[in-house]
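S.K.: Dropping the structure in here first, questions after.
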Amino acid sequence: MKKAKVCISLKAGLLDAQGKTIKSALESLGFKGVREVRVGKYLEIDLDQSFAKPSLRREVERMCHKLLANPVIERYHITLDDNGR
Amino acid sequence: MKFGVVVFPGSNCDQDCVHVVGEVLRQPVVSLWHQDTALHGVDAIVLPGGFSYGDYLRTGAIARFSPIMRSVEAFAKDGGLVIGICNGFQILLEAGLLPGAMLRNKGLRFICRFVTLRVERTDTPFTNRFQKNQIIRLPIAHNEGRFALDAATLSSIEKRVVLRYCDENGQLTESSNPNGSTDAIAGIVNQAGNVMGMMPHPERAAEEILGSSDGRLIFESMLEAFRHA
């Protein structure tokens with residue numbers, strides 16, 4: 001089975017209100033040294049055999065660009081599992 | 001002037017818009033189902049507020065690929081009047097018909113209350129019935145209303161800002177910006193001026209009994225623009 005793992009997070013420089021709140025919650029619990037928290041989304045996508053190896057990453061990038069991430073505010077990182085790589 | 005109000009699964013302000021157009025403005029209005037592509041000869045399209053597709057993935061992200069949106073995009077490119085309210089604004093952003101994107105409110109809370117707004121432009125088909133710099137009252141009801149876009153795009157759309165959150169005196173202050181929007185932006189138009197997106201709900205404030213009738217002028221402006229087109 002081919003699997004793509006996609007992490008989507010807000011671009012640097014954009015205020016991540018959730019991340020900021022989580023950071024102060026960690027601090028109030030006594031965790032020291034937390035510089036910043038950024039919250040994102042994680043998607044696991046199972047793919048069937050029709051996704052050919054050479055174009056797999058490109059196809060997942062197309063998915064990110066067209067639907068999964070909004071390039072105005074978000075960046076994404078794709079990891080392919082062993083079979084996909 | 002015939003209006004069409006698009007209904008997505010999860011829209012919840014569509015009937016308010018139908019009411020304002022049909023009962024307050026006394027104009028013909030039809031609902032447009034998201035799975036259809038026919039626009040039934042409408043002269044203007046309203047993308048209403050709500051939670052289309054449950055706000056899954058991002059607000060408006062799924063709705064923008066609905067069959068009806070292909071027709072809406074063609075209609076907009078032809079110069080047809082399109083207004084997106086709240087979730088409708090978010091859909092227009094996702095569809096690329098307007099620049100920018102929406103983020104979670106700065107305070108992380110869903111905000112549902114009246115706000116004061118400054119009308120920055122009165123030469124648009126959506127605001128010609130207002131006075132320039134008029135202070136108006138409309139309700140907002142959203143969780144993702146923090147308008148964001150990069151600095152370069154921001155300077156290029158400065159002249160396309162139609163509504164800004166302000167205090168009762170028309171001043172832009174931090175406390176009068178309810179969601180932390182860039183430059184206190186609450187509503188913008190596209191370059192051609194025929195597509196508008198706004199986070200406040202004019203359809204919820206179109207009759208005095210609802211606490212304000214300022215919203216009625218948004219719809220009446222569209223009517224005015226149509227009559228002089």
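By convention here, the chains of the structure tokens are called A, B, ... in the order presented, each chain's residues are numbered starting at 1, and ligands are numbered starting at 1 in the order presented.
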Write out as CSV a residue-level contact list of chain B versus chain A with cut-off 9 Å: for each qualifying residue the closest pair of atoms and the distance in Å to one decimal, counting only C-alpha atoms, rows sorted by chain and residue number upward.
M.R.:
```
residue,atom,partner,partner_atom,distance
B:Leu57,CA,A:Leu68,CA,7.2
B:Arg58,CA,A:Asn70,CA,8.4
B:Ala61,CA,A:Leu67,CA,7.0
B:Ile62,CA,A:Leu67,CA,7.9
B:Glu94,CA,A:Asn70,CA,7.7
B:Pro99,CA,A:Val72,CA,8.8
B:Gly100,CA,A:Val72,CA,6.5
B:Ala101,CA,A:Val72,CA,6.5
B:Met102,CA,A:Ile73,CA,8.4
B:Leu103,CA,A:Ile73,CA,8.3
B:Arg104,CA,A:Ala17,CA,7.3
B:Asn105,CA,A:Ala17,CA,7.7
B:Lys106,CA,A:Ala17,CA,5.8
B:Gly107,CA,A:Ala17,CA,7.1
B:Leu108,CA,A:Ala17,CA,6.7
B:Ala148,CA,A:Ile73,CA,7.6
B:Leu149,CA,A:Val72,CA,6.7
B:Asp150,CA,A:Val72,CA,7.7
```
S.K.: Can I get the selected residues back with all heavy atoms, as a short mmCIF file (atom, residue, chain, number, x, y, z; two decimals), in the first residue's frame?
M.R.:
```
data_model
loop_
_atom_site.label_atom_id
_atom_site.label_comp_id
_atom_site.auth_asym_id
_atom_site.auth_seq_id
_atom_site.Cartn_x
_atom_site.Cartn_y
_atom_site.Cartn_z
N LEU B 57 -11.99 20.82 6.23
CA LEU B 57 -10.70 21.19 5.65
C LEU B 57 -10.40 22.66 5.88
O LEU B 57 -9.51 22.98 6.65
CB LEU B 57 -10.62 20.83 4.16
CG LEU B 57 -9.24 20.89 3.54
CD1 LEU B 57 -8.28 19.89 4.19
CD2 LEU B 57 -9.29 20.65 2.04
N ARG B 58 -11.12 23.55 5.21
CA ARG B 58 -11.05 25.00 5.47
C ARG B 58 -12.41 25.55 5.11
O ARG B 58 -13.11 24.97 4.27
CB ARG B 58 -9.99 25.70 4.58
CG ARG B 58 -8.55 25.40 4.86
CD ARG B 58 -7.65 26.17 3.89
NE ARG B 58 -8.03 26.00 2.50
CZ ARG B 58 -7.71 24.96 1.76
NH1 ARG B 58 -6.97 23.99 2.25
NH2 ARG B 58 -8.12 24.86 0.51
N ALA B 61 -13.60 25.66 1.36
CA ALA B 61 -12.65 24.92 0.51
C ALA B 61 -13.33 23.86 -0.35
O ALA B 61 -12.92 23.62 -1.49
CB ALA B 61 -11.57 24.25 1.37
N ILE B 62 -14.37 23.22 0.18
CA ILE B 62 -15.06 22.18 -0.59
C ILE B 62 -16.14 22.82 -1.46
O ILE B 62 -16.32 22.45 -2.62
CB ILE B 62 -15.71 21.13 0.35
CG1 ILE B 62 -14.73 20.69 1.44
CG2 ILE B 62 -16.24 19.94 -0.45
CD1 ILE B 62 -13.64 19.77 1.02
N GLU B 94 -11.64 31.28 -1.54
CA GLU B 94 -11.12 29.97 -1.92
C GLU B 94 -11.19 29.78 -3.44
O GLU B 94 -10.33 29.13 -4.03
CB GLU B 94 -11.91 28.85 -1.22
CG GLU B 94 -11.52 28.66 0.26
CD GLU B 94 -10.18 27.95 0.43
OE1 GLU B 94 -9.74 27.27 -0.51
OE2 GLU B 94 -9.58 28.08 1.52
N PRO B 99 -9.04 38.26 -3.63
CA PRO B 99 -7.73 37.92 -3.07
C PRO B 99 -7.75 37.80 -1.55
O PRO B 99 -8.56 38.46 -0.88
CB PRO B 99 -6.86 39.12 -3.49
CG PRO B 99 -7.83 40.25 -3.55
CD PRO B 99 -9.16 39.69 -3.95
N GLY B 100 -6.87 36.95 -1.01
CA GLY B 100 -6.75 36.83 0.43
C GLY B 100 -7.28 35.51 0.94
O GLY B 100 -7.63 34.61 0.17
N ALA B 101 -7.30 35.39 2.28
CA ALA B 101 -7.78 34.17 2.92
C ALA B 101 -8.27 34.53 4.32
O ALA B 101 -7.99 35.61 4.82
CB ALA B 101 -6.67 33.13 3.01
N MET B 102 -9.02 33.62 4.93
CA MET B 102 -9.54 33.84 6.27
C MET B 102 -8.87 32.90 7.27
O MET B 102 -8.72 31.71 7.02
CB MET B 102 -11.05 33.58 6.31
CG MET B 102 -11.86 34.66 5.63
SD MET B 102 -11.74 36.25 6.46
CE MET B 102 -12.62 37.26 5.26
N LEU B 103 -8.50 33.49 8.43
CA LEU B 103 -7.92 32.72 9.52
C LEU B 103 -8.85 32.76 10.72
O LEU B 103 -9.77 33.59 10.77
CB LEU B 103 -6.56 33.32 9.92
CG LEU B 103 -5.46 33.29 8.85
CD1 LEU B 103 -4.31 34.18 9.29
CD2 LEU B 103 -4.99 31.86 8.65
N ARG B 104 -8.57 31.86 11.70
CA ARG B 104 -9.33 31.88 12.95
C ARG B 104 -9.29 33.27 13.57
O ARG B 104 -8.25 33.95 13.53
CB ARG B 104 -8.71 30.90 13.97
CG ARG B 104 -9.04 29.44 13.74
CD ARG B 104 -10.42 29.05 14.23
NE ARG B 104 -10.60 29.06 15.66
CZ ARG B 104 -10.25 28.06 16.46
NH1 ARG B 104 -9.67 26.98 15.98
NH2 ARG B 104 -10.48 28.12 17.76
N ASN B 105 -10.39 33.69 14.17
CA ASN B 105 -10.42 34.98 14.86
C ASN B 105 -9.27 35.07 15.85
O ASN B 105 -8.90 34.07 16.48
CB ASN B 105 -11.73 35.14 15.63
CG ASN B 105 -12.93 35.23 14.70
OD1 ASN B 105 -12.78 35.47 13.51
ND2 ASN B 105 -14.11 35.03 15.26
N LYS B 106 -8.74 36.28 16.00
CA LYS B 106 -7.59 36.48 16.87
C LYS B 106 -7.85 35.96 18.29
O LYS B 106 -7.00 35.35 18.91
CB LYS B 106 -7.27 37.98 16.92
CG LYS B 106 -5.92 38.32 17.45
CD LYS B 106 -5.71 39.83 17.36
CE LYS B 106 -4.45 40.22 18.09
NZ LYS B 106 -4.33 41.68 18.18
N GLY B 107 -9.06 36.19 18.79
CA GLY B 107 -9.39 35.76 20.15
C GLY B 107 -9.87 34.32 20.25
O GLY B 107 -10.26 33.87 21.32
N LEU B 108 -9.85 33.60 19.14
CA LEU B 108 -10.24 32.17 19.07
C LEU B 108 -11.69 31.92 19.44
O LEU B 108 -12.08 30.78 19.68
CB LEU B 108 -9.32 31.32 19.98
CG LEU B 108 -7.86 31.24 19.56
CD1 LEU B 108 -7.05 30.48 20.61
CD2 LEU B 108 -7.72 30.56 18.21
N ALA B 148 -6.63 37.86 5.87
CA ALA B 148 -5.17 37.88 5.78
C ALA B 148 -4.74 37.85 4.33
O ALA B 148 -5.37 37.18 3.50
CB ALA B 148 -4.57 36.68 6.52
N LEU B 149 -3.70 38.58 4.02
CA LEU B 149 -3.06 38.47 2.72
C LEU B 149 -1.68 39.10 2.82
O LEU B 149 -1.41 39.84 3.75
CB LEU B 149 -3.89 39.09 1.59
CG LEU B 149 -4.01 40.60 1.43
CD1 LEU B 149 -4.92 40.91 0.26
CD2 LEU B 149 -4.54 41.25 2.67
N ASP B 150 -0.80 38.75 1.88
CA ASP B 150 0.58 39.21 1.99
C ASP B 150 0.67 40.71 1.70
O ASP B 150 -0.22 41.29 1.08
CB ASP B 150 1.51 38.41 1.06
CG ASP B 150 1.11 38.58 -0.39
OD1 ASP B 150 1.57 39.56 -1.00
OD2 ASP B 150 0.33 37.76 -0.89
#
```
S.K.: Quick one: pick out all alpha helix (DSSP H) residues within chain A from a backbone DSSP run and write them as a list in words.
M.R.: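 Answer for chain A, restricted to alpha helix (DSSP H): Ala17, Gln18, Gly19, Lys20, Thr21, Ile22, Lys23, Ser24, Ala25, Leu26, Glu27, Ser28, Leu56, Arg57, Arg58, Glu59, Val60, Glu61, Arg62 and Met63 of chain A.
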S.K.: What does the structure give for the distance between CA of Lys77 in chain B and CA of Gln131 in chain B, in Å to one decimal?
M.R.: 28.2 Å
S.K.: Report the distance between CA of Val21 in chain B and CA of Trp33 in chain B in Å, rounded to one decimal place.
M.R.: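 CA of Trp33 in chain B lies at a distance of 17.4 Å from CA of Val21 in chain B.
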S.K.: When you draw a straight line from CA of Phe219 in chain B to CA of Leu25 in chain B, how long is it in Å?
M.R.: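 Those two atoms sit 7.8 Å apart.
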S.K.: Let's see if you can do this: from backbone DSSP, list all strand (DSSP E or B) residues in range 52-85 of chain A, as a list in words.
M.R.: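 So the strand (DSSP E or B) residues in range 52-85 of chain A would be Glu74, Arg75, Tyr76, His77, Ile78, Thr79 and Leu80 of chain A.
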S.K.: Could you write those residues out with N, CA, C and O atoms, as a PDB file, in the first residue's frame?
M.R.:
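Result went into out08.pdb, see below:
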```pdb
ATOM      1  N   GLU A  74      -1.022  28.944   3.868  1.00  0.00           N
ATOM      2  CA  GLU A  74      -0.495  27.687   4.407  1.00  0.00           C
ATOM      3  C   GLU A  74       0.690  27.155   3.606  1.00  0.00           C
ATOM      4  O   GLU A  74       0.832  27.421   2.419  1.00  0.00           O
ATOM      5  N   ARG A  75       1.525  26.373   4.287  1.00  0.00           N
ATOM      6  CA  ARG A  75       2.590  25.619   3.620  1.00  0.00           C
ATOM      7  C   ARG A  75       2.361  24.152   3.933  1.00  0.00           C
ATOM      8  O   ARG A  75       1.662  23.818   4.895  1.00  0.00           O
ATOM      9  N   TYR A  76       2.930  23.288   3.128  1.00  0.00           N
ATOM     10  CA  TYR A  76       2.721  21.865   3.366  1.00  0.00           C
ATOM     11  C   TYR A  76       4.019  21.089   3.218  1.00  0.00           C
ATOM     12  O   TYR A  76       4.953  21.522   2.551  1.00  0.00           O
ATOM     13  N   HIS A  77       4.032  19.938   3.883  1.00  0.00           N
ATOM     14  CA  HIS A  77       5.190  19.057   3.793  1.00  0.00           C
ATOM     15  C   HIS A  77       4.682  17.646   3.535  1.00  0.00           C
ATOM     16  O   HIS A  77       3.810  17.162   4.237  1.00  0.00           O
ATOM     17  N   ILE A  78       5.226  17.003   2.514  1.00  0.00           N
ATOM     18  CA  ILE A  78       4.754  15.670   2.119  1.00  0.00           C
ATOM     19  C   ILE A  78       5.809  14.626   2.485  1.00  0.00           C
ATOM     20  O   ILE A  78       6.994  14.808   2.196  1.00  0.00           O
ATOM     21  N   THR A  79       5.362  13.553   3.123  1.00  0.00           N
ATOM     22  CA  THR A  79       6.237  12.402   3.348  1.00  0.00           C
ATOM     23  C   THR A  79       5.587  11.191   2.685  1.00  0.00           C
ATOM     24  O   THR A  79       4.398  10.946   2.896  1.00  0.00           O
ATOM     25  N   LEU A  80       6.346  10.447   1.882  1.00  0.00           N
ATOM     26  CA  LEU A  80       5.821   9.238   1.252  1.00  0.00           C
ATOM     27  C   LEU A  80       6.375   8.032   2.002  1.00  0.00           C
ATOM     28  O   LEU A  80       7.512   8.067   2.467  1.00  0.00           O
TER      29      LEU A  80
END
```
S.K.: Counting only C-alpha atoms, what is within 9 Å of range 190-203 of chain B, bar same-chain residues fewer than 4 positions away, as an MDAnalysis selection string?
M.R.: chainID B and resid 13 16:21 49 76:77 79:90 92:93 97:99 114:115 123:126 138:142 145 157 160 162:163 185:186 207 213:219
S.K.: Leaving out Val39 in chain A and any residue of its chain fewer than 2 positions from it, which residues lie within 7 Å of it when counting only C-alpha atoms, given as a ChimeraX atom specification?
M.R.: /A:9,18-19,37
S.K.: Keeping only N, CA and C atoms, write the selected residues to a file as an mmCIF file, in the first residue's frame.
M.R.:
```
data_model
loop_
_atom_site.group_PDB
_atom_site.id
_atom_site.type_symbol
_atom_site.label_atom_id
_atom_site.label_comp_id
_atom_site.auth_asym_id
_atom_site.auth_seq_id
_atom_site.Cartn_x
_atom_site.Cartn_y
_atom_site.Cartn_z
ATOM 1 N N SER A 9 0.594 23.585 7.701
ATOM 2 C CA SER A 9 0.633 24.561 8.804
ATOM 3 C C SER A 9 0.607 25.974 8.240
ATOM 4 N N GLN A 18 -4.134 29.884 17.847
ATOM 5 C CA GLN A 18 -4.217 28.638 18.616
ATOM 6 C C GLN A 18 -2.866 28.278 19.218
ATOM 7 N N GLY A 19 -1.835 28.352 18.376
ATOM 8 C CA GLY A 19 -0.492 28.007 18.829
ATOM 9 C C GLY A 19 -0.057 28.881 19.994
ATOM 10 N N VAL A 37 4.709 27.679 19.475
ATOM 11 C CA VAL A 37 3.917 26.515 19.073
ATOM 12 C C VAL A 37 3.156 26.893 17.809
#
```
S.K.: With distances taken over only C-alpha atoms, which residue among A:Asp81, A:Ile8, A:Asp46, A:Lys3 lies nearest His65 in chain A?
M.R.: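 That would be A:Ile8, the residue with the smallest distance to His65 in chain A.
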S.K.: Pick out the residues sitting within 9 Å of Ile45 in chain A, and hand them over as number ranges by chain; count only C-alpha atoms, and ignore anything fewer than 5 positions along from it in its own chain.
M.R.: A: 2-6
S.K.: Go ahead and dump the residues you just picked, N, CA, C and O atoms, as a compact mmCIF listing (two decimals), in the first residue's frame.
M.R.:
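selection-v2.txt was written with the following content:
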```
# COMPACT_ATOMS: atom_id res chain seq x y z
N LYS A 2 0.52 2.18 -0.87
CA LYS A 2 1.25 3.44 -0.88
C LYS A 2 0.54 4.42 0.05
O LYS A 2 -0.68 4.49 0.08
N LYS A 3 1.32 5.16 0.79
CA LYS A 3 0.72 6.09 1.73
C LYS A 3 1.44 7.43 1.66
O LYS A 3 2.68 7.47 1.64
N ALA A 4 0.67 8.52 1.59
CA ALA A 4 1.26 9.85 1.64
C ALA A 4 0.83 10.51 2.94
O ALA A 4 -0.34 10.42 3.33
N LYS A 5 1.78 11.11 3.62
CA LYS A 5 1.48 11.82 4.86
C LYS A 5 1.73 13.30 4.60
O LYS A 5 2.83 13.68 4.17
N VAL A 6 0.72 14.10 4.85
CA VAL A 6 0.81 15.53 4.53
C VAL A 6 0.63 16.35 5.80
O VAL A 6 -0.35 16.16 6.53
```
S.K.: Using only C-alpha atoms, determine which residues lie at most 10 Å from Arg57 in chain A, disregarding the query and same-chain residues fewer than 3 positions distant; provide the list as a list in words.
M.R.: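 Surrounding residues, per the criterion: Ala4, Phe51, Ala52, Lys53, Pro54, Val60, Glu61, Arg62, Met63, Ile78, Thr79, Leu80, Gly84 and Arg85 of chain A.
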S.K.: Save the residues we just selected, all heavy atoms, as a tab-separated table (two decimals), in the first residue's frame?
M.R.:
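Below is the file part_33.tsv, written as the result:
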```tsv
chain	number	residue	atom	x	y	z
A	4	ALA	N	0.67	8.52	1.59
A	4	ALA	CA	1.26	9.85	1.64
A	4	ALA	C	0.83	10.51	2.94
A	4	ALA	O	-0.34	10.42	3.33
A	4	ALA	CB	0.79	10.68	0.46
A	51	PHE	N	-1.43	4.86	-8.70
A	51	PHE	CA	-0.45	5.94	-8.54
A	51	PHE	C	0.94	5.39	-8.82
A	51	PHE	O	1.53	4.71	-8.00
A	51	PHE	CB	-0.54	6.54	-7.14
A	51	PHE	CG	-1.70	7.46	-6.98
A	51	PHE	CD1	-2.96	6.95	-6.67
A	51	PHE	CD2	-1.57	8.83	-7.14
A	51	PHE	CE1	-4.05	7.78	-6.54
A	51	PHE	CE2	-2.67	9.66	-7.00
A	51	PHE	CZ	-3.90	9.14	-6.71
A	52	ALA	N	1.44	5.68	-9.98
A	52	ALA	CA	2.75	5.16	-10.38
A	52	ALA	C	3.85	5.84	-9.58
A	52	ALA	O	3.75	7.02	-9.24
A	52	ALA	CB	2.95	5.38	-11.87
A	53	LYS	N	4.87	5.06	-9.28
A	53	LYS	CA	5.96	5.54	-8.44
A	53	LYS	C	6.55	6.89	-8.86
A	53	LYS	O	6.67	7.79	-8.05
A	53	LYS	CB	7.06	4.48	-8.42
A	53	LYS	CG	7.45	4.03	-7.02
A	53	LYS	CD	8.59	3.05	-7.14
A	53	LYS	CE	8.65	2.16	-5.91
A	53	LYS	NZ	9.71	1.16	-6.05
A	54	PRO	N	6.96	7.04	-10.11
A	54	PRO	CA	7.68	8.26	-10.46
A	54	PRO	C	6.85	9.53	-10.26
A	54	PRO	O	7.39	10.58	-9.94
A	54	PRO	CB	8.05	8.08	-11.93
A	54	PRO	CG	7.56	6.74	-12.34
A	54	PRO	CD	6.78	6.13	-11.25
A	60	VAL	N	0.64	14.06	-5.36
A	60	VAL	CA	0.26	14.52	-4.02
A	60	VAL	C	0.46	16.04	-3.92
A	60	VAL	O	-0.34	16.75	-3.31
A	60	VAL	CB	1.04	13.77	-2.92
A	60	VAL	CG1	0.67	14.29	-1.54
A	60	VAL	CG2	0.78	12.26	-3.01
A	61	GLU	N	1.52	16.53	-4.57
A	61	GLU	CA	1.71	17.99	-4.59
A	61	GLU	C	0.54	18.69	-5.29
A	61	GLU	O	0.09	19.74	-4.86
A	61	GLU	CB	3.03	18.33	-5.31
A	61	GLU	CG	4.22	18.30	-4.37
A	61	GLU	CD	5.55	18.47	-5.07
A	61	GLU	OE1	5.58	18.70	-6.30
A	61	GLU	OE2	6.58	18.34	-4.38
A	62	ARG	N	0.06	18.06	-6.35
A	62	ARG	CA	-1.09	18.62	-7.05
A	62	ARG	C	-2.32	18.66	-6.15
A	62	ARG	O	-3.09	19.61	-6.15
A	62	ARG	CB	-1.39	17.80	-8.32
A	62	ARG	CG	-0.78	18.41	-9.59
A	62	ARG	CD	-0.83	17.50	-10.81
A	62	ARG	NE	-1.98	16.61	-10.90
A	62	ARG	CZ	-3.14	16.93	-11.50
A	62	ARG	NH1	-3.29	18.11	-12.05
A	62	ARG	NH2	-4.12	16.06	-11.55
A	63	MET	N	-2.49	17.59	-5.37
A	63	MET	CA	-3.61	17.55	-4.42
A	63	MET	C	-3.50	18.70	-3.42
A	63	MET	O	-4.49	19.37	-3.10
A	63	MET	CB	-3.60	16.23	-3.63
A	63	MET	CG	-3.94	15.00	-4.43
A	63	MET	SD	-3.83	13.56	-3.32
A	63	MET	CE	-3.98	12.24	-4.50
A	78	ILE	N	5.23	17.00	2.51
A	78	ILE	CA	4.75	15.67	2.12
A	78	ILE	C	5.81	14.63	2.49
A	78	ILE	O	6.99	14.81	2.20
A	78	ILE	CB	4.49	15.61	0.60
A	78	ILE	CG1	3.43	16.64	0.20
A	78	ILE	CG2	4.07	14.20	0.18
A	78	ILE	CD1	3.34	16.87	-1.30
A	79	THR	N	5.36	13.55	3.12
A	79	THR	CA	6.24	12.40	3.35
A	79	THR	C	5.59	11.19	2.69
A	79	THR	O	4.40	10.95	2.90
A	79	THR	CB	6.41	12.11	4.85
A	79	THR	OG1	6.63	13.34	5.54
A	79	THR	CG2	7.58	11.18	5.09
A	80	LEU	N	6.35	10.45	1.88
A	80	LEU	CA	5.82	9.24	1.25
A	80	LEU	C	6.38	8.03	2.00
A	80	LEU	O	7.51	8.07	2.47
A	80	LEU	CB	6.23	9.18	-0.22
A	80	LEU	CG	5.77	10.37	-1.07
A	80	LEU	CD1	6.39	10.29	-2.46
A	80	LEU	CD2	4.25	10.41	-1.16
A	84	GLY	N	6.22	4.14	-1.52
A	84	GLY	CA	6.01	5.28	-2.38
A	84	GLY	C	7.31	5.92	-2.80
A	84	GLY	O	7.42	6.51	-3.86
A	85	ARG	N	8.31	5.84	-1.95
A	85	ARG	CA	9.58	6.48	-2.25
A	85	ARG	C	10.34	5.63	-3.27
A	85	ARG	O	10.78	6.06	-4.28
A	85	ARG	CB	10.40	6.57	-0.97
A	85	ARG	CG	11.55	7.56	-1.06
A	85	ARG	CD	12.20	7.73	0.29
A	85	ARG	NE	11.32	8.42	1.24
A	85	ARG	CZ	11.21	9.73	1.32
A	85	ARG	NH1	11.90	10.49	0.51
A	85	ARG	NH2	10.41	10.29	2.20
```
S.K.: Which residues come within 12 Å of Gly22 in chain B, counting only C-alpha atoms, excluding same-chain residues fewer than 4 positions away, as a PyMOL selection string?
M.R.: chain B and resi 1-5+15-18+26-31+203+219
